[in-house]
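S.K.: Submitted below is the structure of interest, expressed as structure tokens.
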Amino acid sequence: MRQVVLSLLFWLGLAAVGYAQPTDGAPAPAKLSRREQRALEKEQRDTNKKLAEAKARRAEVRGGMSVQASEREREQSEALFVDGVKYVLLEDYTKALERLLKAYALNPDNAAINYKIAEANLLGGNLRDAANYADAATRLDPQNAYYYLLLAQIQASQKQYDAATKTYAALIKQVPNSGSYLFNLADLYLAQNKLPDALTTLDQAEKEFGQVDEISFKKQQIFLKQNKLDLALAEGEKLIKASPSEARYVLAQAEMYASNNRLADAARVAQQALSLDASNPQGHLILAEVYRQQNLPDEAAQQLKLAFSSPALDIDERVRILVGYIKQLPNPKAAVNQLALDLAAATVKTFPKEAKSYAVAGDIQTLTDQKKEARDTYLQALRYDNSKFQIWQQVVLIDAELNQTDSLLVHTDRALELFPNQASLWFYNGVAHLLKKQPQKGVKALEHGRKLVANNTELLSQFDAQLGDAYHELRDYEKSDAAYEASLVSDPNNVQVLNNYSYFLSLRGVKLEKAKQMSGKVVKQFPDSDTYVDTYAWVLYKQKDYAGAKASLEKVVPTTKDASVIEHYGDILFQLGEKDKAVAEWQRARKMGTASELLDRKLKDRKLYE
């Protein structure tokens with residue numbers, strides 16, 4: 001009973017190709033280990049030996065007994081074959097080949113067995129044996145297309161393109177109704193840059209299938225490689241003539257004219273396409289490119305707007321075009337900036353639930369200095385896809401640039417739920433806490449984020465700079481100084497650190513010479529900055545060099561709008577004995593805004609308090 005079931009399975013399931021079902025596609029070879037490869041080679045040697053013995057035995061046997069032996073061998077071969085096919089499907093190529101080779105020893109002239117051994121060897125990475133068995137399969141059954149296809153695949157994977165083309169040629173010659181493989185053969189010729197052979201093959205395909213766009217497009221490709229533009233265009237005209245109402249053929253012709261600087265012809269044929277389908281966006285895009293090359297920006301812009309107004313223009317094509325504008329922004333020509341904004345708005349209108357449309361619109365708004373609008377647009381993109389870190393980063397950067405601390409804190413908290421390993425998010429989260437007068441939370445975020453920094457000395461310096469400020473707020477001066485020093489190791493010219501570190505040292509009245517050196521370095525670079533000059537003057541003040549402090553601060557006092565700078569100038573004048581002038585400067589500081597908490601006492605008592 002078992003033998004009957006096995007035979008039914010065999011003939012019903014595998015009869016299409018003898019023993020084997022065809023395998024389409026190009027499987028990626030999986031390598032066997034050396035141990036498995038050695039075992040296979042031994043198995044194949046044993047098989048060859050058994051095969052020789054079997055042939056000798058069959059030569060000796062005659063009559064009824066030989067028929068019975070042959071029938072038993074056939075049944076054993078079938079069983080081994082089915083078992084081997086099973087292991088191929090399970091991707092256990094060692095066991096598959098073990099069974100298949102035994103089946104081969106019993107029935108070496110079966111094409112299907114040779115085919116399946118070839119396939120198993122290919123999948124196992126043994127291309128040499130795969131080629132030998134596949135070649136044997138084609139010789140044993142020269143009218144089975146699948147055998148040729150496997151052989152060609154094996155040959156192509158070894159870059160034996162000449163052999164592969166011969167295999168395809170044999171397939172087309174030997175197998176009835178196999179003309180569709182002429183396209184594969186043409187592609188192989190193209191891959192080898194054998195253009196005349198490819199052209200001849202395509203002509204043969206055209207005789208069999210008639211005017212087919214795939215043939216015409218491949219022939220155009222060949223003619224263009226041969227620098228025969230007229231022949232390529234003539235091929236396009238043949239397509240249009242065969243199907244005059246097919247707009248895509250007309251558009252392809254227009255694109256070829258445009259690509260080869262035949263602008264007048266391109267415009268003419270694009271208009272022809274639009275007469276067939278007025279809403280086709282590709283026709284408008286071709287005209288836009290023609291007008292751009294003709295230096296007609298207004299006409300080009302109009303065609304782009306028409307293209308973008310069409311729902312048929314897909315999101316990816318829109319993004320590609322808009323990215324081209326992003327590379328030009330900000331543009332000195334206001335019209336270019338406005339066109340980019342208009343096209344982005346049209347994209348959002350057409351694809352209101354696509355994150356990509358909002359993301360590219362946000363980029364354009366950012367580059368055209370519409371920061372608040374850009375931030376809102378990016379947030380819309382995150383509504384539909386919150387998985388893009390770059391968009392969160394843009395939102396956070398704009399929050400920081402707009403000094404919107406509450407938004408910065410909210411958005412960094414949300415982003416960190418998704419991207420907890422992004423150091424930059426921890427940095428801005430820490431900064432937001434510092435701005436909210438929450439130094440302990442700021443330190444916690446900054447210390448955590450600092451551990452995530454890798455191979456970025458600039459970002460590391462920024463972390464340490466903020467930690468210096470935070471620890472100063474917490475009056476942990478030892479850690480504050482250490483953080484500033486670490487920041488300067490990473491970036492010795494960090495202006496923020498040089499200024500803040502020197503100013504805080506002056507407030508504490510320690511390391512004043514070091515503070516003077518650091519602040520002087522900053523002032524030399526930015527001599528007109530009232531903030532940096534004030535720091536330097538205050539270091540000199542703490543060193544009791546009041547004359548030097550006055551001389552430094554006088555450079556910026558006439559133009560500054562910083563009340564604390566004016567108050568400091570009054571303090572210096574008081575120390576120099578110019579009491580009335582000092583009080584006048586304090587009064588001026590009071591009118592400009594709040595400086596220090598001691599200013600009112602100074603004015604009330606006309607006396608210096610520190």
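Labeling convention for the structure tokens: chains A, B, ... as they appear, residues from 1 per chain, ligands from 1 in order of appearance.
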Excluding Tyr384 (chain A) and its own-chain neighbours fewer than 4 positions away, which residues fall within 8 Å of it when counting only C-alpha atoms? Please give them as a list in words.
M.R.: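 The contact residues come out as Lys353, Glu354, Ala355 and Gln380 of chain A.
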S.K.: List the spatial neighbours of region 476-492 of chain A as a PyMOL selection string - criterion: any atom at most 12 Å away, only C-alpha atoms, same-chain residues fewer than 4 positions off excluded.
M.R.: chain A and resi 439-440+443+446-447+450+455-472+496-505+507-508+510-511+514-515+518+521-522
S.K.: Got a sec: who's within 10 Å of Ala340 (chain A), counting only C-alpha atoms, leaving out chain neighbours fewer than 3 positions off, as a PyMOL selection string?
M.R.: chain A and resi 301+321-326+328-329+335-337+343-346+361+364-365+368
S.K.: Can you tell me which residues surround Tyr378 (chain A) at a distance of at most 8 Å, considering only C-alpha atoms, apart from same-chain residues fewer than 5 positions away, and format the answer as an MDAnalysis selection string?
M.R.: chainID A and resid 358:359 362 391:392 394:395
S.K.: Show me, as a PyMOL selection string, the residues that have an atom within 12 Å of Lys194 (chain A) when counting only C-alpha atoms, minus same-chain residues fewer than 2 positions from it.
M.R.: chain A and resi 161-162+165+185-192+196-201+222+225-226
S.K.: Based on DSSP run over this structure's backbone, return all residues of region 102-203 of chain A in alpha helix (DSSP H), as JSON, numbers by chain.
M.R.: {"A": [102, 103, 104, 105, 106, 111, 112, 113, 114, 115, 116, 117, 118, 119, 120, 121, 122, 123, 124, 127, 128, 129, 130, 131, 132, 133, 134, 135, 136, 137, 138, 139, 140, 145, 146, 147, 148, 149, 150, 151, 152, 153, 154, 155, 156, 157, 161, 162, 163, 164, 165, 166, 167, 168, 169, 170, 171, 172, 173, 174, 182, 183, 184, 185, 186, 187, 188, 189, 190, 191, 195, 196, 197, 198, 199, 200, 201, 202, 203]}
S.K.: Show which residues sit within 12 Å of Leu416 (chain A), as a PyMOL selection string. Count only C-alpha atoms, and ignore same-chain residues fewer than 6 positions away.
M.R.: chain A and resi 386-387+389+392-393+396+408-410+422-430+445+449
S.K.: Please determine, counting only C-alpha atoms, which residue among A:Leu106, A:Arg375, A:Leu304, A:Gln221 has the shortest atom-to-atom distance to His411 (chain A).
M.R.: A:Arg375
S.K.: Would you list the contacts of Ala288 (chain A) as a ChimeraX atom specification, taking every protein, DNA or RNA residue within 10 Å and counting only C-alpha atoms, but skipping same-chain residues closer than 6 positions in sequence?
M.R.: /A:267,282,294,296-307
S.K.: Could the residues in this selection be written to a file with all heavy atoms, as a CSV table (one decimal), in the first residue's frame?
M.R.:
```
chain,number,residue,atom,x,y,z
A,267,ALA,N,8.5,70.7,-26.5
A,267,ALA,CA,7.3,71.5,-26.1
A,267,ALA,C,6.1,71.1,-27.0
A,267,ALA,O,5.0,70.9,-26.6
A,267,ALA,CB,7.6,73.0,-26.3
A,282,GLN,N,2.6,64.9,-16.0
A,282,GLN,CA,3.9,64.8,-16.6
A,282,GLN,C,4.1,65.7,-17.8
A,282,GLN,O,5.1,66.2,-18.0
A,282,GLN,CB,4.1,63.3,-17.1
A,282,GLN,CG,4.1,62.3,-15.9
A,282,GLN,CD,5.2,62.6,-14.9
A,282,GLN,OE1,6.3,63.1,-15.3
A,282,GLN,NE2,5.0,62.4,-13.7
A,294,GLN,N,14.8,77.4,-21.2
A,294,GLN,CA,14.7,78.5,-22.1
A,294,GLN,C,14.7,79.9,-21.3
A,294,GLN,O,14.5,80.9,-21.9
A,294,GLN,CB,13.4,78.4,-22.9
A,294,GLN,CG,13.4,77.3,-24.0
A,294,GLN,CD,12.1,77.2,-24.7
A,294,GLN,OE1,11.0,77.6,-24.2
A,294,GLN,NE2,12.1,76.7,-25.9
A,296,LEU,N,12.6,81.0,-19.0
A,296,LEU,CA,11.3,81.6,-18.9
A,296,LEU,C,10.7,81.2,-17.6
A,296,LEU,O,9.9,80.3,-17.5
A,296,LEU,CB,10.4,81.2,-20.1
A,296,LEU,CG,10.9,81.5,-21.5
A,296,LEU,CD1,10.1,80.8,-22.5
A,296,LEU,CD2,10.8,83.0,-21.7
A,297,PRO,N,11.2,81.8,-16.5
A,297,PRO,CA,10.8,81.4,-15.1
A,297,PRO,C,9.3,81.5,-14.8
A,297,PRO,O,8.8,80.6,-14.1
A,297,PRO,CB,11.6,82.3,-14.2
A,297,PRO,CG,12.0,83.5,-15.0
A,297,PRO,CD,12.1,83.0,-16.4
A,298,ASP,N,8.7,82.5,-15.3
A,298,ASP,CA,7.2,82.7,-15.0
A,298,ASP,C,6.4,81.6,-15.7
A,298,ASP,O,5.5,81.0,-15.0
A,298,ASP,CB,6.7,84.0,-15.5
A,298,ASP,CG,7.3,85.2,-14.7
A,298,ASP,OD1,7.8,84.9,-13.5
A,298,ASP,OD2,7.3,86.3,-15.2
A,299,GLU,N,6.7,81.2,-16.9
A,299,GLU,CA,6.0,80.2,-17.6
A,299,GLU,C,6.3,78.8,-17.0
A,299,GLU,O,5.4,78.0,-16.8
A,299,GLU,CB,6.4,80.1,-19.1
A,299,GLU,CG,5.9,81.3,-19.9
A,299,GLU,CD,6.8,82.6,-19.8
A,299,GLU,OE1,7.7,82.6,-18.9
A,299,GLU,OE2,6.5,83.5,-20.5
A,300,ALA,N,7.6,78.6,-16.6
A,300,ALA,CA,7.9,77.4,-15.9
A,300,ALA,C,7.2,77.2,-14.6
A,300,ALA,O,6.7,76.1,-14.3
A,300,ALA,CB,9.5,77.3,-15.6
A,301,ALA,N,7.1,78.3,-13.8
A,301,ALA,CA,6.4,78.3,-12.5
A,301,ALA,C,4.9,77.9,-12.8
A,301,ALA,O,4.3,77.2,-12.0
A,301,ALA,CB,6.5,79.6,-11.8
A,302,GLN,N,4.3,78.5,-13.8
A,302,GLN,CA,2.9,78.2,-14.1
A,302,GLN,C,2.6,76.8,-14.4
A,302,GLN,O,1.7,76.2,-13.9
A,302,GLN,CB,2.4,79.1,-15.2
A,302,GLN,CG,1.0,78.9,-15.6
A,302,GLN,CD,0.0,79.3,-14.5
A,302,GLN,OE1,0.3,80.1,-13.6
A,302,GLN,NE2,-1.2,78.7,-14.5
A,303,GLN,N,3.6,76.2,-15.2
A,303,GLN,CA,3.4,74.8,-15.5
A,303,GLN,C,3.6,73.9,-14.3
A,303,GLN,O,2.9,72.9,-14.1
A,303,GLN,CB,4.4,74.4,-16.6
A,303,GLN,CG,4.1,75.0,-17.9
A,303,GLN,CD,2.8,74.6,-18.5
A,303,GLN,OE1,2.3,73.4,-18.4
A,303,GLN,NE2,2.1,75.5,-19.1
A,304,LEU,N,4.5,74.2,-13.4
A,304,LEU,CA,4.7,73.5,-12.2
A,304,LEU,C,3.5,73.5,-11.3
A,304,LEU,O,3.1,72.5,-10.7
A,304,LEU,CB,5.9,74.0,-11.4
A,304,LEU,CG,7.3,73.5,-11.8
A,304,LEU,CD1,8.4,74.3,-11.1
A,304,LEU,CD2,7.4,72.0,-11.6
A,305,LYS,N,2.9,74.7,-11.2
A,305,LYS,CA,1.6,74.8,-10.4
A,305,LYS,C,0.5,74.0,-11.0
A,305,LYS,O,-0.2,73.3,-10.2
A,305,LYS,CB,1.2,76.3,-10.3
A,305,LYS,CG,2.2,77.1,-9.4
A,305,LYS,CD,1.7,78.6,-9.4
A,305,LYS,CE,2.6,79.5,-8.6
A,305,LYS,NZ,2.2,80.9,-8.6
A,306,LEU,N,0.4,73.9,-12.3
A,306,LEU,CA,-0.6,73.1,-12.9
A,306,LEU,C,-0.3,71.6,-12.6
A,306,LEU,O,-1.2,70.8,-12.4
A,306,LEU,CB,-0.6,73.3,-14.4
A,306,LEU,CG,-1.2,74.7,-14.9
A,306,LEU,CD1,-0.9,74.9,-16.4
A,306,LEU,CD2,-2.7,74.7,-14.6
A,307,ALA,N,0.9,71.2,-12.7
A,307,ALA,CA,1.3,69.8,-12.4
A,307,ALA,C,1.0,69.5,-10.9
A,307,ALA,O,0.4,68.4,-10.7
A,307,ALA,CB,2.8,69.6,-12.7
```
S.K.: Which one of A:Thr560, A:Thr167, A:Gln158, A:Gln390 sits closest to Pro142 (chain A) if you count only C-alpha atoms?
M.R.: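 Closest residue, counting only C-alpha atoms: A:Thr167.
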S.K.: One decimal, Å: what's the distance from CA of Asp530 (chain A) over to CA of Val556 (chain A), could you say?
M.R.: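 The value is 5.5 Å.
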S.K.: Rounded to one decimal in Å, what is the spacing between CA of Gly509 (chain A) and CA of Lys604 (chain A)?
M.R.: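 Between CA of Gly509 (chain A) and CA of Lys604 (chain A) the gap works out to 26.7 Å.
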